[in-house]
Structure formats: structure tokens, C-alpha cells
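Student: Below is a structure I'd like to ask you about.
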Amino acid sequence: MSMKCITVYTKSYETFSGIYEDVLNQPLSEYEEKEIEGVTISDAGDVPSDYVERMKARPEVAVMSIRKRGITILQHGDVFEILIPEETPTV
């Protein structure tokens with residue numbers, strides 16, 4: 001399954017959680033950057049299917065899951081990465 005990655009450039013969980021829904025509702029073109037409440041967000045394109053597993057193995061990475069929506073959030077350094085499953089069109 002392909003995952004779209006949106007990067008949120010903040011190290012503050014409080015700031016991130018305050019804009020999280022706005023980030024999800026913000027249409028972004030591939031590699032486009034925007035600003036929400038003074039925080040830069042960007043579409044980082046698709047990530048490989050094994051990316052989450054590789055990142056989970058790193059001790060400096062915090063992993064959160066929104067199971068109902070299939071979303072995984074990785075926090076490391078000064079960024080949060082929101083990984084959103086993309087629907088693959090069926091033919």
C-alpha cells in the first residue's frame with residue numbers, strides 16, 4: 001500500500017495537535033509547501049511501504065497511530081510526519 005507523507009515542521013506536540021485536522025484538510029500538490037498558524041507543512045510525496053517499519057526501529061522516533069483512519073504519525077527531531085494510506089484505483 002502506498003503512503004502519502006505530509007511533513008509538519010515543529011517539535012512541539014501541542015502545536016502539532018492544534019493544527020493536525022487543518023493539515024489533513026489542506027489540499028497539497030506533490031512537494032508543495034504551505035503555512036498553517038505559522039508552521040510550515042509540506043507534501044513529501046510517497047514513502048516506500050517499509051518506511052514505517054524502518055523508522056519504528058530507531059530509538060529517537062515516536063510512533064502514533066490513528067487506527068480508524070489508517071494514519072501513522074512519526075515524530076523525530078523537529079518534525080512530525082503524517083503518513084496517510086492512498087487508495088489504489090481498481091481496474
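Labeling convention for the C-alpha cells: chains A, B, ... as they appear, residues from 1 per chain, ligands from 1 in order of appearance.
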Enumerate, as an mmCIF file with C-alpha atoms, in the first residue's frame, the complete set of residues in stretch 4-89 of chain A that a backbone-based DSSP assignment places in strand (DSSP E or B).
Tutor:
data_model
loop_
_atom_site.group_PDB
_atom_site.id
_atom_site.type_symbol
_atom_site.label_atom_id
_atom_site.label_comp_id
_atom_site.auth_asym_id
_atom_site.auth_seq_id
_atom_site.Cartn_x
_atom_site.Cartn_y
_atom_site.Cartn_z
ATOM 1 C CA LYS A 4 1.486 9.820 1.223
ATOM 2 C CA CYS A 5 3.737 11.761 3.611
ATOM 3 C CA ILE A 6 2.955 15.234 4.923
ATOM 4 C CA THR A 7 5.750 16.811 6.958
ATOM 5 C CA VAL A 8 4.905 19.306 9.718
ATOM 6 C CA GLU A 33 4.727 23.831 0.981
ATOM 7 C CA LYS A 34 2.155 25.884 2.885
ATOM 8 C CA GLU A 35 1.943 27.574 6.247
ATOM 9 C CA ILE A 36 -0.729 26.977 8.904
ATOM 10 C CA VAL A 39 4.025 26.344 10.963
ATOM 11 C CA THR A 40 5.381 25.137 7.613
ATOM 12 C CA ILE A 41 3.840 21.959 6.227
ATOM 13 C CA SER A 42 4.797 20.191 3.030
ATOM 14 C CA ASP A 43 3.832 17.246 0.908
ATOM 15 C CA ALA A 44 6.860 14.963 0.926
ATOM 16 C CA GLY A 45 5.499 12.621 -1.744
ATOM 17 C CA ASP A 46 5.042 8.884 -1.364
ATOM 18 C CA VAL A 47 7.114 6.781 1.013
ATOM 19 C CA ALA A 62 7.996 8.327 18.441
ATOM 20 C CA VAL A 63 5.214 6.497 16.596
ATOM 21 C CA MET A 64 1.490 7.245 16.921
ATOM 22 C CA SER A 65 -1.391 5.582 15.087
ATOM 23 C CA ILE A 66 -4.877 6.772 14.246
ATOM 24 C CA ILE A 71 -2.871 7.101 9.654
ATOM 25 C CA THR A 72 0.583 6.768 11.194
ATOM 26 C CA ILE A 73 2.379 9.758 12.716
ATOM 27 C CA LEU A 74 6.126 9.734 13.230
ATOM 28 C CA GLN A 75 7.840 12.333 15.389
ATOM 29 C CA HIS A 76 11.598 12.796 15.263
ATOM 30 C CA VAL A 79 9.328 17.325 12.517
ATOM 31 C CA PHE A 80 6.160 15.277 12.571
ATOM 32 C CA GLU A 81 5.432 13.095 9.545
ATOM 33 C CA ILE A 82 1.827 12.183 8.841
ATOM 34 C CA LEU A 83 1.600 9.036 6.720
ATOM 35 C CA ILE A 84 -1.751 8.640 5.014
ATOM 36 C CA PRO A 85 -2.689 5.493 3.099
#
Student: Report the residues of chain A whose backbone DSSP state falls under alpha helix (DSSP H), written as a list in words.
Tutor: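 Filtering chain A down to alpha helix (DSSP H) leaves Tyr13, Glu14, Thr15, Phe16, Ser17, Gly18, Ile19, Tyr20, Glu21, Asp22, Val23, Leu24, Asn25, Tyr51, Val52, Glu53, Arg54, Met55 and Lys56 of chain A.
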Student: At what distance in Å, to one decimal, does atom CA of A:Tyr31 lie from atom CA of A:Glu86?
Tutor: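 Pair atom CA of A:Glu86 / atom CA of A:Tyr31 returns 15.9 Å.
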Student: Find the residue from A:Ser49, A:Thr10, A:Asn25, A:Thr15 that sits nearest to A:Gly77; use only C-alpha atoms when measuring.
Tutor: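 Ranked by minimum distance to A:Gly77, first place goes to A:Thr10.
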Student: Work out how far apart atom CA of A:Ser17 and atom CA of A:Glu37 are and give it in Å to one decimal.
Tutor: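 Here the two named atoms are 12.1 Å from each other.
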Student: Just the number, please: distance in Å from atom CA of A:Pro48 to atom CA of A:Glu30, one decimal.
Tutor: 15.5 Å
